[in-house]
>>> print(open('upload-v8.csv').read())   # CSV, C-alpha atoms
chain,number,residue,atom,x,y,z
A,1,MET,CA,0.0,0.0,0.0
A,2,VAL,CA,1.4,3.4,-1.0
A,3,ASP,CA,0.9,6.8,0.8
A,4,GLU,CA,-1.3,8.1,-2.0
A,5,VAL,CA,-4.0,5.4,-1.4
A,6,VAL,CA,-4.1,6.1,2.3
A,7,TYR,CA,-4.2,9.9,1.8
A,8,SER,CA,-7.2,9.4,-0.6
A,9,LEU,CA,-9.0,7.3,2.0
A,10,TRP,CA,-8.3,9.9,4.8
A,11,GLY,CA,-9.0,12.9,2.6
A,12,SER,CA,-5.7,14.7,3.2
A,13,LYS,CA,-2.1,14.2,3.9
A,14,GLU,CA,-2.5,15.0,7.6
A,15,CYS,CA,-2.3,11.4,8.6
A,16,GLU,CA,0.0,8.5,9.3
A,17,TRP,CA,-0.7,4.8,9.0
A,18,SER,CA,0.3,1.2,9.7
A,19,ALA,CA,-0.8,-1.9,7.7
A,20,LYS,CA,-0.8,-5.6,7.8
A,21,ASN,CA,-0.9,-7.4,4.4
A,22,SER,CA,-3.5,-10.0,3.6
A,23,GLU,CA,-2.5,-13.7,4.1
A,24,GLY,CA,-4.3,-16.1,1.8
A,25,ARG,CA,-8.1,-15.7,2.3
A,26,SER,CA,-7.5,-13.5,5.4
A,27,GLY,CA,-7.9,-9.8,4.5
A,28,GLY,CA,-5.3,-7.2,5.4
A,29,ILE,CA,-5.7,-4.6,8.2
A,30,LEU,CA,-5.1,-0.8,7.9
A,31,THR,CA,-4.9,1.7,10.8
A,32,VAL,CA,-4.8,5.4,10.1
A,33,TRP,CA,-4.6,8.3,12.5
A,34,ASN,CA,-4.3,12.1,12.6
A,35,LYS,CA,-0.6,12.8,12.9
A,36,ASP,CA,-1.3,16.0,14.9
A,37,ASN,CA,-3.1,14.0,17.7
A,38,ILE,CA,-1.3,10.7,17.8
A,39,THR,CA,2.5,10.1,18.1
A,40,PRO,CA,3.3,6.5,17.3
A,41,ILE,CA,5.9,4.7,19.3
A,42,LEU,CA,5.9,1.2,17.7
A,43,SER,CA,3.7,-1.1,15.8
A,44,PHE,CA,3.3,-4.9,16.1
A,45,ARG,CA,1.2,-7.5,14.4
A,46,GLY,CA,0.2,-11.1,14.4
A,47,LYS,CA,-2.4,-13.4,12.8
A,48,GLY,CA,-5.7,-11.6,13.1
A,49,TYR,CA,-4.5,-8.3,14.6
A,50,LEU,CA,-2.5,-5.1,14.1
A,51,GLY,CA,-1.3,-3.0,17.1
A,52,VAL,CA,0.0,0.5,17.4
A,53,LYS,CA,1.5,1.8,20.7
A,54,ALA,CA,1.2,5.6,20.7
A,55,TRP,CA,1.2,8.8,22.7
A,56,ARG,CA,-2.0,10.8,22.9
A,57,LYS,CA,-2.1,13.8,25.2
A,58,ASP,CA,0.7,12.6,27.5
A,59,LYS,CA,-0.9,9.1,27.8
A,60,VAL,CA,0.3,5.8,26.3
A,61,ILE,CA,-2.5,4.0,24.4
A,62,TYR,CA,-2.5,0.7,22.6
A,63,PHE,CA,-4.7,0.7,19.5
A,64,ILE,CA,-5.4,-2.9,18.5
A,65,LYS,CA,-7.3,-3.5,15.3
A,66,VAL,CA,-8.8,-7.1,15.1
A,67,TYR,CA,-9.7,-9.2,12.1
A,68,SER,CA,-10.4,-12.6,13.7
A,69,PRO,CA,-10.2,-16.0,11.9
A,70,CYS,CA,-13.5,-17.9,11.6
A,71,ALA,CA,-12.4,-21.3,13.1
A,72,LEU,CA,-12.7,-21.5,16.9
A,73,ASN,CA,-9.3,-23.1,17.4
A,74,GLU,CA,-7.7,-20.1,15.6
A,75,LYS,CA,-9.8,-17.6,17.6
A,76,ARG,CA,-8.5,-19.3,20.8
A,77,MET,CA,-4.9,-18.7,19.5
A,78,LEU,CA,-5.7,-15.1,18.8
A,79,TRP,CA,-7.3,-14.5,22.2
A,80,SER,CA,-4.3,-16.2,23.9
A,81,GLU,CA,-1.8,-14.1,22.0
A,82,LEU,CA,-3.7,-10.8,22.8
A,83,LEU,CA,-3.8,-11.8,26.5
A,84,VAL,CA,0.0,-12.3,26.5
A,85,LEU,CA,0.4,-8.9,24.9
A,86,LYS,CA,-1.9,-7.2,27.5
A,87,ASN,CA,0.1,-8.7,30.3
A,88,LYS,CA,3.4,-7.7,28.6
A,89,TYR,CA,2.4,-4.2,27.9
A,90,GLY,CA,1.0,-2.8,31.1
A,91,ASP,CA,2.2,0.8,30.7
A,92,GLY,CA,-0.8,2.2,28.9
A,93,GLU,CA,-4.6,2.0,28.2
A,94,TRP,CA,-6.1,-0.2,25.5
A,95,ILE,CA,-8.6,0.4,22.7
A,96,MET,CA,-9.3,-2.9,20.9
A,97,GLY,CA,-11.6,-3.7,18.1
A,98,GLY,CA,-13.2,-1.5,15.4
A,99,GLY,CA,-12.8,-4.7,13.4
A,100,ASP,CA,-14.2,-8.1,13.1
A,101,PHE,CA,-14.0,-10.4,16.2
A,102,ASN,CA,-16.1,-13.1,14.4
A,103,ALA,CA,-17.7,-13.9,17.7
A,104,VAL,CA,-20.7,-12.7,19.7
A,105,ARG,CA,-21.2,-12.3,23.4
A,106,GLU,CA,-24.8,-13.7,23.6
A,107,VAL,CA,-27.3,-15.6,21.5
A,108,GLU,CA,-29.3,-12.4,20.8
A,109,GLU,CA,-26.3,-10.9,18.9
A,110,ARG,CA,-26.7,-13.6,16.2
A,111,TRP,CA,-29.8,-14.1,14.0
A,112,GLY,CA,-30.4,-16.7,11.3
A,113,ARG,CA,-28.4,-19.8,10.5
A,114,SER,CA,-26.5,-21.4,13.4
A,115,ALA,CA,-27.8,-18.7,15.7
A,116,ASN,CA,-27.9,-21.1,18.7
A,117,SER,CA,-25.1,-23.4,17.9
A,118,ARG,CA,-22.0,-21.6,19.4
A,119,GLN,CA,-22.6,-21.5,23.1
A,120,THR,CA,-19.0,-22.7,23.9
A,121,GLU,CA,-17.6,-19.9,21.7
A,122,ILE,CA,-19.8,-17.3,23.4
A,123,GLU,CA,-18.6,-18.4,26.9
A,124,GLU,CA,-15.0,-18.4,25.9
A,125,PHE,CA,-15.3,-15.0,24.2
A,126,ASN,CA,-16.8,-13.5,27.3
A,127,THR,CA,-14.1,-15.0,29.4
A,128,PHE,CA,-11.5,-13.5,27.1
A,129,ILE,CA,-13.0,-10.0,27.5
A,130,ASP,CA,-13.1,-10.4,31.3
A,131,CYS,CA,-9.4,-11.5,31.4
A,132,MET,CA,-8.4,-8.5,29.2
A,133,GLU,CA,-10.1,-6.2,31.8
A,134,LEU,CA,-11.8,-4.3,29.0
A,135,LEU,CA,-15.3,-2.8,28.8
A,136,ASP,CA,-17.9,-3.3,26.0
A,137,VAL,CA,-19.9,-0.1,26.3
A,138,PRO,CA,-23.6,-0.1,25.3
A,139,VAL,CA,-24.8,0.2,21.6
A,140,LEU,CA,-27.1,2.8,20.2
A,141,GLY,CA,-29.1,2.2,17.0
A,142,ASN,CA,-28.5,-0.9,14.9
A,143,LYS,CA,-27.6,-3.9,17.0
A,144,HIS,CA,-26.0,-6.1,14.3
A,145,THR,CA,-22.9,-5.1,12.3
A,146,TRP,CA,-22.7,-7.9,9.7
A,147,ILE,CA,-25.4,-9.0,7.3
A,148,ASN,CA,-24.9,-11.8,4.7
A,149,SER,CA,-25.6,-11.2,1.0
A,150,ASN,CA,-29.2,-12.4,0.9
A,151,GLY,CA,-30.2,-11.0,4.3
A,152,THR,CA,-30.9,-14.4,5.9
A,153,ALA,CA,-28.4,-14.0,8.7
A,154,SER,CA,-26.9,-11.2,10.7
A,155,SER,CA,-24.6,-10.8,13.7
A,156,ARG,CA,-22.8,-8.3,15.9
A,157,LEU,CA,-19.3,-9.3,15.0
A,158,ASP,CA,-17.7,-5.8,15.4
A,159,ARG,CA,-17.2,-3.8,18.6
A,160,PHE,CA,-14.8,-1.7,20.6
A,161,LEU,CA,-13.4,-2.9,23.9
A,162,LEU,CA,-12.0,-0.2,26.0
A,163,SER,CA,-9.9,0.2,29.2
A,164,GLU,CA,-12.0,1.6,32.1
A,165,GLU,CA,-9.7,4.7,32.2
A,166,ILE,CA,-10.5,5.4,28.5
A,167,VAL,CA,-14.2,5.2,29.3
A,168,GLN,CA,-13.8,7.6,32.2
A,169,SER,CA,-11.4,10.1,30.8
A,170,TRP,CA,-13.0,10.3,27.4
A,171,ASN,CA,-16.6,10.3,28.8
A,172,VAL,CA,-17.5,7.4,26.5
A,173,MET,CA,-21.3,7.2,26.2
A,174,ALA,CA,-21.8,4.4,23.7
A,175,GLN,CA,-20.9,2.7,20.5
A,176,ARG,CA,-22.9,3.4,17.3
A,177,PHE,CA,-23.1,1.4,14.1
A,178,GLY,CA,-23.8,3.2,10.9
A,179,ASN,CA,-25.4,2.0,7.6
A,180,ARG,CA,-23.8,-0.5,5.2
A,181,ASP,CA,-22.1,0.9,2.2
A,182,ILE,CA,-19.7,-1.0,0.0
A,183,SER,CA,-18.8,-3.5,2.8
A,184,ASP,CA,-21.0,-6.2,4.3
A,185,HIS,CA,-20.1,-4.8,7.8
A,186,ARG,CA,-21.5,-1.6,9.2
A,187,PRO,CA,-19.0,1.1,10.3
A,188,ILE,CA,-18.6,1.7,14.0
A,189,TRP,CA,-17.9,4.8,16.1
A,190,ILE,CA,-17.2,5.5,19.8
A,191,LEU,CA,-19.5,8.2,21.0
A,192,THR,CA,-18.3,10.6,23.8
A,193,ASN,CA,-20.2,13.2,25.7
A,194,LYS,CA,-19.3,15.5,28.6
A,195,LEU,CA,-22.7,15.1,30.2
A,196,ASN,CA,-23.0,12.9,33.3
A,197,TRP,CA,-24.8,9.7,32.2
A,198,GLY,CA,-24.6,8.1,35.6
A,199,PRO,CA,-22.5,5.0,36.6
A,200,LYS,CA,-20.1,3.6,33.9
A,201,PRO,CA,-20.4,0.0,32.8
A,202,PHE,CA,-18.9,-2.6,35.1
A,203,LYS,CA,-18.2,-6.4,35.0
A,204,VAL,CA,-20.1,-8.9,37.1
A,205,PHE,CA,-20.4,-12.7,37.0
A,206,LYS,CA,-24.0,-13.9,37.0
A,207,PRO,CA,-23.3,-16.7,39.7
A,208,TRP,CA,-22.6,-13.9,42.2
A,209,PHE,CA,-26.3,-13.1,42.2
A,210,GLU,CA,-27.1,-16.7,43.1
A,211,HIS,CA,-24.7,-16.8,46.1
A,212,PRO,CA,-26.5,-16.6,49.5
>>> encode(input="upload-v8.csv", output="structure tokens")
Amino acid sequence: MVDEVVYSLWGSKECEWSAKNSEGRSGGILTVWNKDNITPILSFRGKGYLGVKAWRKDKVIYFIKVYSPCALNEKRMLWSELLVLKNKYGDGEWIMGGGDFNAVREVEERWGRSANSRQTEIEEFNTFIDCMELLDVPVLGNKHTWINSNGTASSRLDRFLLSEEIVQSWNVMAQRFGNRDISDHRPIWILTNKLNWGPKPFKVFKPWFEHP
């Protein structure tokens, strides 16, 4: 990929970027940022993800773009590798996602074929998010991000997972999914607001409510 292509996507030359080339049937990943707001420190990549460690307003942030494989065993390898990275890089906050996790957190996030056939994957994906200590803030508007070509199946495969400090300091309100265009995935945004929307999201295990 050459600079001119990235500049045309961004709309100007006021940007920098990092990319991971496609591998076989696995698509490539591109991360672009405003060079006036983000100062990159290093980039790293593996099968299914592209990471950028950067400075933003005197704070270290790890931006991780995910494009997960489809097979569960390969997803497990991806989740394990990301957990190792999270434990290794403990000097900053994390923003992960904006891409395709190829997994859902609950049955209601999948509609159509095979909607109820992946309970093990759902449980393991939720465990991964808990172990990463990241928050999946609420969604406004459209609930599913991927729709197949004939409209017989849809899922919420895309999301942002954020460090609690990011949610607090950025006043993150929600995630919003836009309308489909040339892709079969909807675009996704993090919404922020300086208004006080009450308590921020927190993690809780359902069995705790059943404990006497």
>>> closest_residue(input="upload-v8.csv", among="A:Lys13, A:Arg180, A:Arg118, A:Lys53", to="Lys86 (chain A)", atoms="only C-alpha atoms")
A:Lys53
>>> atom_distance(input="upload-v8.csv", atom1="CA of Ile64 (chain A)", atom2="CA of Leu50 (chain A)")
5.7 Å
>>> closest_residue(input="upload-v8.csv", among="A:Ile129, A:Val104, A:Leu42, A:Leu72", to="Leu157 (chain A)", atoms="all atoms listed in the file")
A:Val104
>>> closest_residue(input="upload-v8.csv", among="A:Glu23, A:Glu109, A:Glu164, A:Asp3", to="Asn142 (chain A)", atoms="only C-alpha atoms")
A:Glu109
>>> atom_distance(input="upload-v8.csv", atom1="CA of Trp146 (chain A)", atom2="CA of Ala71 (chain A)")
17.2 Å
>>> closest_residue(input="upload-v8.csv", among="A:Val5, A:Leu162, A:Ile190, A:Val107", to="Leu140 (chain A)", atoms="only C-alpha atoms")
A:Ile190
>>> residues_near_point(input="upload-v8.csv", point="(3.5, 12.3, 15.6)", cutoff="10 Å", atoms="all atoms listed in the file", output="VMD selection string")
chain A and resid 15 to 16 33 to 41 54 to 56
>>> write_last_selection(input="upload-v8.csv", atoms="C-alpha atoms", output="PDB file, in the coordinates of the input")
ATOM      1  CA  CYS A  15      -2.300  11.400   8.600  1.00  0.00           C
ATOM      2  CA  GLU A  16       0.000   8.500   9.300  1.00  0.00           C
ATOM      3  CA  TRP A  33      -4.600   8.300  12.500  1.00  0.00           C
ATOM      4  CA  ASN A  34      -4.300  12.100  12.600  1.00  0.00           C
ATOM      5  CA  LYS A  35      -0.600  12.800  12.900  1.00  0.00           C
ATOM      6  CA  ASP A  36      -1.300  16.000  14.900  1.00  0.00           C
ATOM      7  CA  ASN A  37      -3.100  14.000  17.700  1.00  0.00           C
ATOM      8  CA  ILE A  38      -1.300  10.700  17.800  1.00  0.00           C
ATOM      9  CA  THR A  39       2.500  10.100  18.100  1.00  0.00           C
ATOM     10  CA  PRO A  40       3.300   6.500  17.300  1.00  0.00           C
ATOM     11  CA  ILE A  41       5.900   4.700  19.300  1.00  0.00           C
ATOM     12  CA  ALA A  54       1.200   5.600  20.700  1.00  0.00           C
ATOM     13  CA  TRP A  55       1.200   8.800  22.700  1.00  0.00           C
ATOM     14  CA  ARG A  56      -2.000  10.800  22.900  1.00  0.00           C
TER      15      ARG A  56
END
>>> closest_residue(input="upload-v8.csv", among="A:Trp17, A:Asn150, A:Gly98, A:Cys131", to="Trp189 (chain A)", atoms="only C-alpha atoms")
A:Gly98
>>> residues_near_point(input="upload-v8.csv", point="(-7.1, -12.0, 22.4)", cutoff="10 Å", atoms="only C-alpha atoms", output="JSON, numbers by chain")
{"A": [48, 49, 66, 68, 75, 76, 77, 78, 79, 80, 81, 82, 83, 84, 85, 86, 96, 101, 125, 128, 129, 131, 132]}
>>> closest_residue(input="upload-v8.csv", among="A:Gly112, A:Gly27, A:Gly99, A:Gly11", to="Gly151 (chain A)", atoms="only C-alpha atoms")
A:Gly112
>>> atom_distance(input="upload-v8.csv", atom1="CA of His185 (chain A)", atom2="CA of Glu165 (chain A)")
28.2 Å
>>> residues_around(input="upload-v8.csv", residues="Leu161 (chain A)", least_positions_apart="4", cutoff="8 Å", atoms="all atoms listed in the file", output="short mmCIF file (atom, residue, chain, number, x, y, z; two decimals) with C-alpha atoms, in the frame of the given file")
data_model
loop_
_atom_site.label_atom_id
_atom_site.label_comp_id
_atom_site.auth_asym_id
_atom_site.auth_seq_id
_atom_site.Cartn_x
_atom_site.Cartn_y
_atom_site.Cartn_z
CA TRP A 94 -6.10 -0.20 25.50
CA ILE A 95 -8.60 0.40 22.70
CA MET A 96 -9.30 -2.90 20.90
CA GLY A 97 -11.60 -3.70 18.10
CA ILE A 129 -13.00 -10.00 27.50
CA LEU A 134 -11.80 -4.30 29.00
CA LEU A 135 -15.30 -2.80 28.80
CA ASP A 136 -17.90 -3.30 26.00
CA VAL A 137 -19.90 -0.10 26.30
#
